[in-house]
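Asker: If it helps, the file is called coords_20.txt and holds compact mmCIF, C-alpha atoms:
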# COMPACT_ATOMS: atom_id res chain seq x y z
CA MET Z 48 119.82 90.48 99.43
CA LYS Z 49 118.84 91.42 95.89
CA SER Z 50 117.58 94.77 94.69
CA HIS Z 51 116.20 96.06 91.42
CA THR Z 52 115.22 99.58 90.40
CA VAL Z 53 113.09 100.66 87.45
CA TYR Z 54 112.13 104.21 86.48
CA ILE Z 55 109.11 104.91 84.29
CA THR Z 56 108.37 108.27 82.69
CA PHE Z 57 104.78 109.29 81.97
CA ASN Z 58 103.76 112.16 79.74
CA THR Z 59 99.98 112.11 79.77
CA LYS Z 60 97.82 113.71 77.09
CA LYS Z 61 95.29 114.87 79.65
CA ARG Z 62 96.09 116.83 82.77
CA ARG Z 63 94.56 114.13 84.97
CA GLU Z 64 94.74 110.42 84.27
CA LEU Z 65 94.66 107.08 86.02
CA ILE Z 66 97.12 104.70 84.35
CA ARG Z 67 97.12 101.00 85.22
CA ILE Z 68 100.66 99.87 85.98
CA THR Z 69 100.13 96.41 87.50
CA GLU Z 70 101.81 94.75 84.51
CA LYS Z 71 104.83 97.11 84.71
CA VAL Z 72 105.33 96.20 88.37
CA GLU Z 73 104.92 92.49 87.59
CA GLU Z 74 107.56 92.83 84.89
CA ALA Z 75 109.96 94.47 87.35
CA VAL Z 76 109.37 91.58 89.79
CA ARG Z 77 110.20 89.03 87.08
CA GLU Z 78 113.35 90.92 86.06
CA SER Z 79 114.51 91.12 89.68
CA ARG Z 80 114.33 87.34 90.23
CA ILE Z 81 113.30 88.15 93.80
CA LYS Z 82 111.24 85.38 95.38
CA GLU Z 83 110.39 86.97 98.73
CA GLY Z 84 110.47 90.71 99.33
CA PHE Z 85 108.84 94.10 98.91
CA ALA Z 86 108.13 96.29 95.87
CA LEU Z 87 107.92 100.02 96.53
CA VAL Z 88 106.02 101.92 93.82
CA SER Z 89 106.44 105.63 94.39
CA ALA Z 90 105.77 108.81 92.41
CA MET Z 91 108.86 111.02 92.15
CA HIS Z 92 106.77 114.17 91.76
CA ILE Z 93 104.67 115.93 94.36
CA THR Z 94 101.64 116.27 92.09
CA ALA Z 95 100.95 112.58 91.47
CA GLY Z 96 99.91 109.54 93.46
CA VAL Z 97 99.93 105.76 93.38
CA ILE Z 98 96.84 103.82 94.39
CA VAL Z 99 95.64 100.24 94.56
CA ASN Z 100 92.00 99.87 93.62
CA ASP Z 101 89.46 98.69 91.08
CA ASP Z 102 89.95 98.80 87.30
CA GLU Z 103 86.28 99.63 86.69
CA GLU Z 104 85.23 102.61 84.58
CA GLY Z 105 82.38 103.77 86.81
CA PHE Z 106 84.59 103.65 89.88
CA LYS Z 107 87.28 105.65 88.12
CA GLU Z 108 84.78 108.42 87.36
CA ASP Z 109 83.61 108.36 90.98
CA PHE Z 110 87.25 108.56 92.06
CA TRP Z 111 87.87 111.74 90.07
CA GLU Z 112 84.68 113.36 91.34
CA TRP Z 113 85.64 112.47 94.92
CA ALA Z 114 89.24 113.71 94.60
CA GLU Z 115 87.99 116.96 93.10
CA LYS Z 116 85.52 117.45 95.93
CA LEU Z 117 88.08 116.87 98.69
CA ALA Z 118 91.02 118.66 97.04
CA PRO Z 119 89.39 121.02 94.55
CA TYR Z 120 91.00 123.08 91.83
CA ARG Z 121 90.86 126.72 92.91
CA ARG Z 122 92.49 129.83 91.56
CA ASP Z 123 93.13 131.42 94.93
CA TYR Z 124 95.59 129.01 96.58
CA ARG Z 125 98.56 130.88 98.06
CA HIS Z 126 100.89 128.49 96.24
CA HIS Z 127 99.68 130.06 93.00
CA LEU Z 128 101.40 133.36 93.85
CA THR Z 129 104.55 131.54 92.65
CA GLY Z 130 103.05 131.36 89.16
CA GLU Z 131 101.92 127.74 89.53
CA ASP Z 132 98.28 126.69 89.21
CA ASN Z 133 98.53 123.11 90.44
CA CYS Z 134 98.05 123.34 94.20
CA ASP Z 135 95.05 121.01 93.94
CA ALA Z 136 97.42 118.39 92.48
CA HIS Z 137 99.72 118.70 95.53
CA LEU Z 138 96.75 118.20 97.84
CA LYS Z 139 95.33 115.30 95.82
CA SER Z 140 98.75 113.63 96.10
CA LEU Z 141 98.59 113.95 99.89
CA LEU Z 142 94.97 112.75 99.94
CA VAL Z 143 95.61 109.42 98.20
CA HIS Z 144 99.32 109.09 99.14
CA HIS Z 145 102.11 109.00 96.60
CA GLN Z 146 103.19 105.40 97.09
CA VAL Z 147 102.32 101.81 97.88
CA VAL Z 148 104.40 98.83 99.03
CA LEU Z 149 103.50 95.47 97.51
CA PRO Z 150 104.50 92.08 98.90
CA ILE Z 151 106.41 89.70 96.63
CA THR Z 152 105.74 86.04 97.51
CA ASP Z 153 107.03 83.00 95.66
CA GLY Z 154 108.38 85.21 92.87
CA LYS Z 155 105.09 87.02 92.21
CA LEU Z 156 103.25 90.17 93.26
CA ASP Z 157 101.07 89.01 96.14
CA LEU Z 158 97.87 90.92 95.31
CA GLY Z 159 94.25 90.20 96.13
CA PRO Z 160 91.80 89.30 93.35
CA TRP Z 161 90.65 92.86 92.59
CA GLN Z 162 93.76 94.82 93.41
CA GLN Z 163 95.14 96.76 90.46
CA ILE Z 164 97.93 99.32 90.76
CA PHE Z 165 97.46 102.77 89.22
CA TYR Z 166 99.66 105.77 88.68
CA ALA Z 167 97.42 108.77 89.41
CA GLU Z 168 98.50 111.80 87.42
CA PHE Z 169 97.11 115.03 88.84
CA ASP Z 170 99.12 117.52 86.76
CA GLY Z 171 100.42 115.90 83.61
CA GLN Z 172 101.11 116.89 80.02
CA ARG Z 173 104.82 116.91 80.86
CA PRO Z 174 107.37 114.19 81.70
CA LYS Z 175 106.90 112.80 85.20
CA ARG Z 176 108.81 109.92 86.77
CA LEU Z 177 107.83 106.95 88.91
CA VAL Z 178 110.26 104.64 90.69
CA ILE Z 179 109.70 100.93 91.26
CA LYS Z 180 112.23 99.60 93.74
CA LEU Z 181 112.33 95.98 94.85
CA ILE Z 182 114.34 94.41 97.63
CA GLY Z 183 114.34 90.82 98.81
CA GLU Z 184 115.87 87.48 98.14
CA MET B 238 117.65 87.78 104.71
CA LYS B 239 114.64 86.18 106.37
CA SER B 240 111.02 86.53 105.33
CA HIS B 241 107.73 85.42 106.81
CA THR B 242 104.20 85.70 105.41
CA VAL B 243 100.92 85.36 107.27
CA TYR B 244 97.41 85.65 105.83
CA ILE B 245 94.44 86.44 108.04
CA THR B 246 90.83 86.12 106.91
CA PHE B 247 88.16 88.35 108.47
CA ASN B 248 84.43 87.78 108.15
CA THR B 249 82.88 90.57 110.17
CA LYS B 250 79.32 90.47 111.55
CA LYS B 251 78.79 94.14 110.79
CA ARG B 252 79.40 95.80 107.47
CA ARG B 253 81.89 98.23 109.04
CA GLU B 254 84.28 97.36 111.84
CA LEU B 255 87.61 98.36 113.29
CA ILE B 256 89.47 95.25 114.47
CA ARG B 257 92.62 95.57 116.57
CA ILE B 258 95.37 93.41 115.11
CA THR B 259 98.46 94.60 116.99
CA GLU B 260 98.77 91.22 118.75
CA LYS B 261 98.48 89.31 115.45
CA VAL B 262 101.32 91.34 113.97
CA GLU B 263 103.41 90.86 117.13
CA GLU B 264 102.83 87.11 116.84
CA ALA B 265 104.01 87.14 113.22
CA VAL B 266 107.16 89.01 114.30
CA ARG B 267 107.90 86.38 116.99
CA GLU B 268 107.33 83.53 114.53
CA SER B 269 109.63 85.15 111.97
CA ARG B 270 112.60 85.36 114.39
CA ILE B 271 113.49 88.59 112.58
CA LYS B 272 115.48 90.97 114.78
CA GLU B 273 115.77 93.98 112.47
CA GLY B 274 113.41 94.58 109.56
CA PHE B 275 110.04 95.74 108.29
CA ALA B 276 106.52 94.38 108.68
CA LEU B 277 104.08 95.23 105.90
CA VAL B 278 100.43 94.93 106.95
CA SER B 279 98.23 95.27 103.89
CA ALA B 280 94.58 94.65 103.06
CA MET B 281 94.17 92.36 100.04
CA HIS B 282 90.77 93.85 99.17
CA ILE B 283 90.01 97.28 97.76
CA THR B 284 87.24 97.99 100.26
CA ALA B 285 89.28 97.82 103.48
CA GLY B 286 92.12 99.72 105.12
CA VAL B 287 94.82 99.37 107.75
CA ILE B 288 95.44 102.19 110.20
CA VAL B 289 97.61 102.93 113.21
CA ASN B 290 95.80 104.94 115.84
CA ASP B 291 94.18 105.01 119.27
CA ASP B 292 92.27 102.11 120.83
CA GLU B 293 89.78 104.45 122.51
CA GLU B 294 86.04 104.01 122.06
CA GLY B 295 85.17 107.69 121.64
CA PHE B 296 87.87 108.13 119.03
CA LYS B 297 86.63 105.11 117.11
CA GLU B 298 83.13 106.62 116.92
CA ASP B 299 84.64 109.92 115.78
CA PHE B 300 86.63 108.00 113.16
CA TRP B 301 83.52 106.43 111.66
CA GLU B 302 81.67 109.74 111.58
CA TRP B 303 84.66 111.38 109.90
CA ALA B 304 85.15 108.62 107.31
CA GLU B 305 81.44 108.74 106.47
CA LYS B 306 81.56 112.51 106.05
CA LEU B 307 84.58 112.45 103.70
CA ALA B 308 83.65 109.31 101.75
CA PRO B 309 79.89 108.98 102.21
CA TYR B 310 77.62 106.12 101.33
CA ARG B 311 75.51 107.20 98.35
CA ARG B 312 73.20 105.31 96.05
CA ASP B 313 74.18 107.23 92.93
CA TYR B 314 77.87 106.36 92.45
CA ARG B 315 78.59 105.33 88.87
CA HIS B 316 80.33 102.21 90.18
CA HIS B 317 76.92 101.01 91.37
CA LEU B 318 75.73 100.56 87.78
CA THR B 319 77.74 97.32 87.96
CA GLY B 320 75.34 96.04 90.62
CA GLU B 321 77.68 96.87 93.51
CA ASP B 322 76.70 99.24 96.31
CA ASN B 323 80.07 99.66 98.03
CA CYS B 324 81.74 102.56 96.25
CA ASP B 325 81.99 104.42 99.55
CA ALA B 326 84.11 101.51 100.84
CA HIS B 327 86.53 101.91 97.90
CA LEU B 328 86.87 105.61 98.64
CA LYS B 329 87.26 105.08 102.39
CA SER B 330 90.09 102.64 101.59
CA LEU B 331 91.84 105.35 99.57
CA LEU B 332 91.18 107.95 102.27
CA VAL B 333 92.92 106.07 105.10
CA HIS B 334 95.27 103.94 102.91
CA HIS B 335 95.14 100.17 102.76
CA GLN B 336 98.46 99.46 104.41
CA VAL B 337 101.13 100.37 106.94
CA VAL B 338 104.79 99.42 107.33
CA LEU B 339 106.00 98.82 110.86
CA PRO B 340 109.64 98.77 111.98
CA ILE B 341 110.95 95.67 113.75
CA THR B 342 113.79 96.48 116.16
CA ASP B 343 115.54 94.08 118.51
CA GLY B 344 113.02 91.37 117.66
CA LYS B 345 109.94 93.47 118.48
CA LEU B 346 107.45 95.75 116.76
CA ASP B 347 108.90 99.21 117.28
CA LEU B 348 105.69 101.13 118.06
CA GLY B 349 105.12 104.30 120.05
CA PRO B 350 103.22 104.15 123.36
CA TRP B 351 99.74 104.72 121.91
CA GLN B 352 100.09 103.14 118.50
CA GLN B 353 97.69 100.28 117.91
CA ILE B 354 97.19 98.61 114.53
CA PHE B 355 93.66 98.16 113.18
CA TYR B 356 92.14 96.40 110.22
CA ALA B 357 89.41 98.75 108.97
CA GLU B 358 86.61 96.82 107.34
CA PHE B 359 84.44 99.02 105.12
CA ASP B 360 82.37 96.31 103.40
CA GLY B 361 82.40 93.12 105.42
CA GLN B 362 80.04 90.26 106.18
CA ARG B 363 82.05 88.10 103.78
CA PRO B 364 85.58 86.60 103.87
CA LYS B 365 88.28 89.22 103.33
CA ARG B 366 92.03 88.67 103.50
CA LEU B 367 94.92 90.63 104.99
CA VAL B 368 98.59 89.90 104.41
CA ILE B 369 101.33 90.43 106.98
CA LYS B 370 104.72 90.15 105.31
CA LEU B 371 107.99 90.57 107.19
CA ILE B 372 111.48 90.86 105.81
CA GLY B 373 114.73 91.40 107.68
CA GLU B 374 117.45 89.58 109.51
CA MET Y 105 121.54 92.74 105.09
CA LYS Y 106 122.31 95.94 106.96
CA SER Y 107 119.94 97.92 109.13
CA HIS Y 108 120.14 101.25 110.90
CA THR Y 109 117.66 102.92 113.26
CA VAL Y 110 117.52 106.57 114.29
CA TYR Y 111 115.02 108.19 116.67
CA ILE Y 112 114.35 111.93 116.58
CA THR Y 113 112.42 113.79 119.27
CA PHE Y 114 110.52 116.96 118.36
CA ASN Y 115 109.15 119.43 120.88
CA THR Y 116 107.56 122.14 118.77
CA LYS Y 117 106.86 125.64 120.02
CA LYS Y 118 103.59 125.82 118.16
CA ARG Y 119 100.84 123.24 118.37
CA ARG Y 120 101.00 122.65 114.60
CA GLU Y 121 104.17 122.74 112.54
CA LEU Y 122 105.66 121.34 109.37
CA ILE Y 123 109.35 120.54 109.93
CA ARG Y 124 111.59 119.68 107.00
CA ILE Y 125 113.55 116.51 107.77
CA THR Y 126 115.05 115.60 104.38
CA GLU Y 127 118.56 116.32 105.67
CA LYS Y 128 118.03 114.17 108.78
CA VAL Y 129 116.97 111.23 106.63
CA GLU Y 130 119.93 111.79 104.28
CA GLU Y 131 122.24 111.76 107.30
CA ALA Y 132 120.77 108.45 108.47
CA VAL Y 133 121.35 107.01 104.98
CA ARG Y 134 125.01 108.07 105.07
CA GLU Y 135 125.51 106.63 108.56
CA SER Y 136 123.94 103.32 107.51
CA ARG Y 137 126.35 102.80 104.59
CA ILE Y 138 123.43 101.16 102.80
CA LYS Y 139 123.75 101.36 99.00
CA GLU Y 140 120.44 99.79 97.94
CA GLY Y 141 117.43 99.60 100.21
CA PHE Y 142 114.45 101.30 101.83
CA ALA Y 143 114.15 104.05 104.44
CA LEU Y 144 110.98 104.02 106.53
CA VAL Y 145 110.21 107.40 108.14
CA SER Y 146 107.36 106.97 110.59
CA ALA Y 147 105.78 109.05 113.36
CA MET Y 148 105.62 107.13 116.66
CA HIS Y 149 102.62 109.15 117.85
CA ILE Y 150 99.05 109.01 116.61
CA THR Y 151 98.70 112.78 116.33
CA ALA Y 152 101.45 113.43 113.76
CA GLY Y 153 102.18 112.61 110.14
CA VAL Y 154 105.01 112.37 107.65
CA ILE Y 155 104.58 113.78 104.16
CA VAL Y 156 106.60 114.26 101.01
CA ASN Y 157 105.80 117.51 99.26
CA ASP Y 158 106.91 121.02 98.35
CA ASP Y 159 109.03 123.28 100.56
CA GLU Y 160 107.18 126.41 99.44
CA GLU Y 161 105.66 128.82 101.94
CA GLY Y 162 102.41 129.43 100.08
CA PHE Y 163 101.83 125.72 99.65
CA LYS Y 164 102.45 125.12 103.33
CA GLU Y 165 99.73 127.65 104.24
CA ASP Y 166 97.37 126.01 101.75
CA PHE Y 167 98.21 122.65 103.32
CA TRP Y 168 97.19 123.80 106.80
CA GLU Y 169 93.97 125.34 105.54
CA TRP Y 170 93.16 122.12 103.67
CA ALA Y 171 93.95 119.83 106.61
CA GLU Y 172 91.82 122.01 108.89
CA LYS Y 173 88.93 121.89 106.46
CA LEU Y 174 88.99 118.09 106.08
CA ALA Y 175 89.80 117.24 109.70
CA PRO Y 176 88.69 120.30 111.68
CA TYR Y 177 89.30 121.15 115.29
CA ARG Y 178 86.01 120.76 117.15
CA ARG Y 179 85.14 120.75 120.83
CA ASP Y 180 82.48 118.08 120.55
CA TYR Y 181 84.41 115.00 119.43
CA ARG Y 182 83.53 111.97 121.56
CA HIS Y 183 87.24 111.36 122.12
CA HIS Y 184 87.30 114.57 124.13
CA LEU Y 185 85.18 112.99 126.87
CA THR Y 186 88.49 111.41 127.96
CA GLY Y 187 89.80 114.88 128.76
CA GLU Y 188 91.79 115.17 125.51
CA ASP Y 189 91.15 117.95 123.01
CA ASN Y 190 93.24 116.65 120.10
CA CYS Y 191 90.89 114.45 118.10
CA ASP Y 192 91.44 116.62 115.03
CA ALA Y 193 95.15 115.72 115.27
CA HIS Y 194 94.31 111.99 115.20
CA LEU Y 195 92.17 112.51 112.10
CA LYS Y 196 94.76 114.72 110.39
CA SER Y 197 97.30 111.93 110.97
CA LEU Y 198 94.99 109.46 109.20
CA LEU Y 199 94.29 111.96 106.41
CA VAL Y 200 97.93 112.45 105.37
CA HIS Y 201 99.27 109.09 106.69
CA HIS Y 202 101.87 108.82 109.42
CA GLN Y 203 104.71 107.45 107.33
CA VAL Y 204 106.55 107.27 104.04
CA VAL Y 205 109.03 104.76 102.57
CA LEU Y 206 111.91 106.22 100.55
CA PRO Y 207 114.08 104.31 98.11
CA ILE Y 208 117.86 104.31 98.67
CA THR Y 209 119.79 103.93 95.41
CA ASP Y 210 123.55 104.05 94.98
CA GLY Y 211 123.97 105.14 98.59
CA LYS Y 212 121.59 108.10 98.36
CA LEU Y 213 117.93 108.93 98.96
CA ASP Y 214 116.32 108.45 95.56
CA LEU Y 215 113.99 111.49 95.55
CA GLY Y 216 112.55 113.48 92.68
CA PRO Y 217 113.62 117.10 92.12
CA TRP Y 218 110.93 118.72 94.30
CA GLN Y 219 110.38 116.03 96.91
CA GLN Y 220 111.10 117.19 100.44
CA ILE Y 221 110.26 115.17 103.52
CA PHE Y 222 108.34 116.82 106.37
CA TYR Y 223 107.36 115.81 109.86
CA ALA Y 224 103.82 117.14 110.30
CA GLU Y 225 103.11 117.94 113.94
CA PHE Y 226 99.39 118.20 114.65
CA ASP Y 227 99.53 118.36 118.46
CA GLY Y 228 102.95 119.46 119.64
CA GLN Y 229 104.41 121.51 122.48
CA ARG Y 230 105.53 118.24 124.09
CA PRO Y 231 108.18 115.64 123.22
CA LYS Y 232 107.15 113.46 120.29
CA ARG Y 233 109.25 110.78 118.59
CA LEU Y 234 109.87 109.82 114.97
CA VAL Y 235 111.67 106.67 113.83
CA ILE Y 236 113.85 106.43 110.74
CA LYS Y 237 114.60 102.79 109.97
CA LEU Y 238 116.72 101.69 107.02
CA ILE Y 239 117.25 98.22 105.67
CA GLY Y 240 119.28 97.15 102.65
CA GLU Y 241 122.75 96.27 101.55
Reformat the file's structure so that it appears as C-alpha cells.
Answerer:
Amino acid sequence: MKSHTVYITFNTKKRRELIRITEKVEEAVRESRIKEGFALVSAMHITAGVIVNDDEEGFKEDFWEWAEKLAPYRRDYRHHLTGEDNCDAHLKSLLVHHQVVLPITDGKLDLGPWQQIFYAEFDGQRPKRLVIKLIGE
Amino acid sequence: MKSHTVYITFNTKKRRELIRITEKVEEAVRESRIKEGFALVSAMHITAGVIVNDDEEGFKEDFWEWAEKLAPYRRDYRHHLTGEDNCDAHLKSLLVHHQVVLPITDGKLDLGPWQQIFYAEFDGQRPKRLVIKLIGE
Amino acid sequence: MKSHTVYITFNTKKRRELIRITEKVEEAVRESRIKEGFALVSAMHITAGVIVNDDEEGFKEDFWEWAEKLAPYRRDYRHHLTGEDNCDAHLKSLLVHHQVVLPITDGKLDLGPWQQIFYAEFDGQRPKRLVIKLIGE
C-alpha cells in the first residue's frame, strides 16, 4: 500500500470564499503514483467545508445565499459568549460537510464531467489548513 | 491491496427518485473478494446524492418534503441564467451529500439492521452515473 | 494492508446527546498499529450522526437549536403512521451526515487544533451501535 499526504494553507482575503482545488488534488494524485485508491480531502478547521459541485458563477452566488439562509450569521448565538462571532461558520461546515472522498482509478481522479472540488471558507482572513490524504496502490 | 470499481448508470422515469442500491453494492463487494476494507459509493453528477436511511414509504415521502423545503425548486436562481433549471438539485446534493463510505468486514457490507443505501436522483430523466469503488484486502 | 474494527454501543440517558468520542477513535488507532491510513467512524443506525466540530458548551446548545430548526420534531410525519415518532431523528442524521473519515498520519489521528469527534444521538435511550473501521499500513 502507498500513501501520500499534502497540507495546503489558505489565507483568504474575504471572510467567505469558494476556492477551486481540483487541480491541487490532481497534483497530489500524480505525486503519489497511486493507480487505484482513495483521496480524502478534509478541512482541518471546524469553520470550513469541502464540496464537489459546479464551477459556475451564478451557482456559486446561489450557494452562498442558500448557506446563509440555512445557517445564518446572527449575533446572539450562545457560542459568541466566548468572544467568537463565527458560529454561523461552524453550522455551515456541518451543513455542507467538511470533507469528501474521491476515487482514484487508473492513476487519475475519477470524477464526473461537471464535478469540481472546492474548499469552502466560512471564516477566513487567517491561515487555515486542509489535508489531502491518499491511500492505494 | 485489492481494488474493484463498478459504474452504474441510472436513467430515471421521474425527475426525482430514491433508488435502493444496497444489493448492487453487496454484489460489488462479493465480486471484489475483499474481506476487510472500504466501499465508496459516490454520485458522479452534481445533481444527485447517496444516502443511508430507512426503506419505508412514509419516510421517503417525508424525505422529499423535507429536501424540497430546505432546498426548494425556484425559477429565480442565478444559475438558471445559464439556461439550466436545476439549481435546487445542486443544493439538494449538497444538503444530503453525494457519497457514503461503507465498511466491509469479513467479506460483507458491515451495515446496521435498518441501514439501506439509496441513490437520490434530484434531476433525472437522462443518463447519470454512480461509482462504487472498493479497496481493501 | 492492516485493518482494525471496533464497535461501540451507546445507550444514552437523554433522547438527544452529543458524546465526544475523539479519545475512543485515538485508542482504536493505537490498537491498530496503523501508521498511514484512514479511520471511518460511522453510525450503524439511521437516527444518529457523527460530526467533527467544537467541544464548547455554547456551540453545542446552538447546534441543537439549529438541528431542531432545520429538521424539527413533528407529530404529523408520514413515517409516524408506522407507530414510530422519530422521523426528525432520521432527517437530522441526513442533515449532519452519519459518518466521517479521519486521516491517520505517523500513527496518529491527523486532526486540526479544534477538531473533536462527536457521536450525535438523535433518538437514544436504547442501545445503538457505532463502527470505527481503520485501514492502512
Asker: What would the list of residues within 10 Å of (92.6, 87.4, 95.7) (file frame) look like as a count of residues only, if all atoms listed in the file are what count?
Answerer: 10
Asker: For atom CA of Leu177 of chain Z and atom CA of Val129 of chain Y, determine how far apart the two atoms are, in Å to one decimal place.
Answerer: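 Value for the atom CA of Leu177 of chain Z-atom CA of Val129 of chain Y distance: 20.4 Å.
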Asker: What residues have an atom no more than 12 Å from (106.8, 127.1, 99.3) in the file's own frame, counting all atoms listed in the file, and can you write them as a ChimeraX atom specification?
Answerer: /Z:124-131,134,137 /Y:122,124,157-167,218-220
Asker: For chain Y, list the residues within 9 Å of chain B, counting all atoms listed in the file, and write the list as a PyMOL selection string.
Answerer: chain Y and resi 105-109+144+146-151+174-175+181-186+191+194-195+197-205+233-240
Asker: At what distance in Å, to one decimal, does atom CA of Ala143 of chain Y lie from atom CA of Ile221 of chain Y?
Answerer: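 Atom-to-atom, atom CA of Ile221 of chain Y and atom CA of Ala143 of chain Y are spaced 11.8 Å apart.
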Asker: Work out how far apart atom CA of Val145 of chain Y and atom CA of Asn190 of chain Y are and give it in Å to one decimal.
Answerer: 22.7 Å
Asker: Go through Z:Ile66, Z:Ala95, Z:Val53, Z:Leu156 one by one, measure the shortest atom-to-atom distance of each to Asp135 of chain Z using only C-alpha atoms, and give the residue with the smallest value.
Answerer: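 For Asp135 of chain Z, the nearest of the candidates is Z:Ala95.
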